[in-house]
Amino acid sequence: KQALTVPRLKTMKNQGKPIAMVTAYDHPSAMLSEEAGVDLILVGDSLGNVVLGYETTVPVTLEDMIYHTRSVVRGAPGTMIVTDMPFATYRLGPEATLRNAARLMQEGGAHAVKLEGGAELAAEIRVLTSAGIPVLGHLGLTPQSVHQIGGYKVQGKSSEEAEKLLQDARALEQAGAFGIVLELVPEELAAAVTRSIGIPTIGIGAGRGCDGQVLVYHDLIRYGSGIRDKKMVKSYANVGDTIREAIAQYVDEVKTKAFPEEKHAFTLQQAADPAQGG
Ligand code: KIV
Ligand code: NA
C-alpha cells in the first residue's frame with residue numbers, strides 16, 4: 001500500500017473519499033494502526049492524557065513528542081505521520097516555531113506537524129510550509145487552551161464564534177495548511193467549514209459533514225483506566241477489560257502455583273540444546 005501524501009489528501013476531499021486518522025504513541029499502536037489500514041497517524045499530545053497520566057496536554061514537552069514519534073515511525077514505516085507541536089512551542093515567533101518543528105521532523109521522523117489555533121498563526125504556518133513542513137491546523141476545542149476555555153466544551157455555538165471559526169479556517173488554508181482538525185464543534189458548523197475551504201477537514205466530535213475523522217487510539221479500543229464515556233467517541237473494542245482479566249488470571253495462577261507448568265520449564269538436558277535452551 002502506497003503511503004498517503006499531502007497532494008493525495010486534497011484529491012480524496014475532491015473525490016469525496018473519507019479520510020481515516022487515528023492517534024498512536026508507540027511501536028505496537030503504530031504497527032497495528034498501519035496494519036488496519038489507516039490513512040494517517042497522529043502522534044497527538046493527547047499522549048499526556050492517555051499514556052503519561054497528566055490531567056491535560058499542557059505538561060507535554062517537545063522531547064516527549066520526539067521520543068514517541070520515533071517509535072511510531074518505526075512501527076508504521078508506510079504511513080504518513082503527523083506530530084502535534086506541544087504547548088507554547090509555536091507561540092514564540094516563526095523562527096522558534098521552525099526550529100521546534102524541524103526537531104520533530106529530523107529527530108522524531110515526523111512527516112508533518114499539527115498546531116492549535118487560527119489566523120494568529122498565519123506567519124508561523126507560512127514559514128513552516130515554505131521550509132517544506134506540511135502543517136495540519138486544529139480549530140474548535142483546542143485542548144492546550146483548556147485553562148483559558150474553562151473545560152472541554154463544544155465550541156462555535158454562537159453566530160459570532162461560528163463566524164470566527166470560519167474566518168480562522170480560511171486563514172489557515174491561505175497560510176498553506178494542508179488540512180484542519182475540527183474538534184467539538186456543532187455538526188452544521190463543521191459541514192459549513194468543510195464546504196467553504198479547499199483543504200480537507202478531519203473531525204472529532206464534529207459530526208458527519210467533515211472530509212475525515214480522527215479518534216484517540218485509547219478511546220477507540222477502550223485501553224486504560226481513565227477512559228470515560230464521551231458522546232463523540234465510538235469504542236470498537238474493550239481491550240482494557242481483556243488486559244485486566246488476563247493479568248488477574250496470571251496473578252491468580254502464580255499464587256496458586258498453576259503457572260508455570262512443566263511445559264514452560266527447561267530441564268538440564270533441554271537447556272544444553274541450543275535449539276531449545278538458547
Ligand atoms: O492530541 C490529539 O489526540 C489530538 C486529536 C484529538 C485531534 O489532537
Ligand atoms: Na492534540
# chains A, B, ... in the order shown; residues from 1 in each chain; ligands from 1

call {"tool": "select_by_dssp", "arguments": {"residues": "region 135-235 of chain A", "states": "strand (DSSP E)", "output": "list in words"}}
result
Val135, Leu136, Gly137, His138, Leu139, Gly140, Gly179, Ile180, Val181, Leu182, Glu183, Thr201, Ile202, Gly203, Ile204, Gly212, Gln213, Val214 and Leu215 of chain A

call {"tool": "write_last_selection", "arguments": {"atoms": "N, CA and C atoms", "output": "CSV table (one decimal), in the first residue's frame"}}
result
chain,number,residue,atom,x,y,z
A,135,VAL,N,1.7,21.4,7.3
A,135,VAL,CA,1.0,21.8,8.5
A,135,VAL,C,-0.4,21.5,8.5
A,136,LEU,N,-0.9,20.8,9.6
A,136,LEU,CA,-2.3,20.5,9.8
A,136,LEU,C,-2.7,21.5,10.9
A,137,GLY,N,-3.9,22.2,10.6
A,137,GLY,CA,-4.4,23.1,11.6
A,137,GLY,C,-5.3,22.3,12.6
A,138,HIS,N,-5.8,23.1,13.6
A,138,HIS,CA,-6.7,22.5,14.6
A,138,HIS,C,-7.5,23.6,15.2
A,139,LEU,N,-8.8,23.5,15.0
A,139,LEU,CA,-9.8,24.6,15.4
A,139,LEU,C,-10.9,24.0,16.2
A,140,GLY,N,-11.7,24.8,16.9
A,140,GLY,CA,-12.8,24.4,17.7
A,140,GLY,C,-12.2,24.3,19.2
A,179,GLY,N,-4.7,20.8,5.8
A,179,GLY,CA,-5.9,20.3,6.4
A,179,GLY,C,-6.2,20.9,7.7
A,180,ILE,N,-7.4,20.6,8.2
A,180,ILE,CA,-7.7,21.2,9.6
A,180,ILE,C,-8.5,20.2,10.4
A,181,VAL,N,-8.0,19.9,11.6
A,181,VAL,CA,-8.8,19.1,12.5
A,181,VAL,C,-9.9,20.1,13.2
A,182,LEU,N,-11.1,19.6,13.2
A,182,LEU,CA,-12.2,20.3,13.8
A,182,LEU,C,-12.6,19.5,15.0
A,183,GLU,N,-12.4,20.1,16.2
A,183,GLU,CA,-12.8,19.3,17.4
A,183,GLU,C,-13.9,19.9,18.2
A,201,THR,N,-11.1,18.7,6.0
A,201,THR,CA,-11.4,18.8,7.4
A,201,THR,C,-11.4,17.4,8.0
A,202,ILE,N,-10.8,17.3,9.2
A,202,ILE,CA,-10.8,16.0,9.9
A,202,ILE,C,-11.5,16.2,11.2
A,203,GLY,N,-12.6,15.6,11.4
A,203,GLY,CA,-13.4,15.9,12.6
A,203,GLY,C,-13.2,14.9,13.8
A,204,ILE,N,-13.4,15.5,15.0
A,204,ILE,CA,-13.5,14.6,16.2
A,204,ILE,C,-14.6,15.3,17.0
A,212,GLY,N,-13.0,13.8,6.9
A,212,GLY,CA,-12.4,12.7,7.5
A,212,GLY,C,-12.7,12.7,9.0
A,213,GLN,N,-12.2,11.6,9.7
A,213,GLN,CA,-12.5,11.5,11.1
A,213,GLN,C,-11.1,11.2,11.8
A,214,VAL,N,-11.0,11.6,13.1
A,214,VAL,CA,-9.9,11.1,13.9
A,214,VAL,C,-10.4,10.7,15.3
A,215,LEU,N,-9.8,9.6,15.8
A,215,LEU,CA,-10.1,9.2,17.2
A,215,LEU,C,-8.8,8.9,17.9

call {"tool": "residues_near_ligand", "arguments": {"ligand": "ligand 2", "cutoff": "9 Å", "atoms": "only C-alpha atoms and all ligand atoms", "output": "PyMOL selection string"}}
result
chain A and resi 42-47+57+83-86+114-116+138+142-144

call {"tool": "closest_residue", "arguments": {"among": "A:Glu188, A:Asp219, A:Asp39, A:Glu124", "to": "ligand 1", "atoms": "only C-alpha atoms and all ligand atoms"}}
result
A:Asp219

call {"tool": "residues_around", "arguments": {"residues": "Leu104 (chain A)", "least_positions_apart": "2", "cutoff": "10 Å", "atoms": "only C-alpha atoms", "output": "ChimeraX atom specification"}}
result
/A:62-63,65-67,69-70,82-85,98-102,106-113

call {"tool": "atom_distance", "arguments": {"atom1": "CA of Leu52 (chain A)", "atom2": "CA of Gly224 (chain A)"}}
result
11.1 Å

call {"tool": "select_by_dssp", "arguments": {"residues": "region 98-142 of chain A", "states": "alpha helix (DSSP H)", "output": "list in words"}}
result
Leu98, Arg99, Asn100, Ala101, Ala102, Arg103, Leu104, Met105, Gln106, Ala122, Ala123, Glu124, Ile125, Arg126, Val127, Leu128, Thr129 and Ser130 of chain A
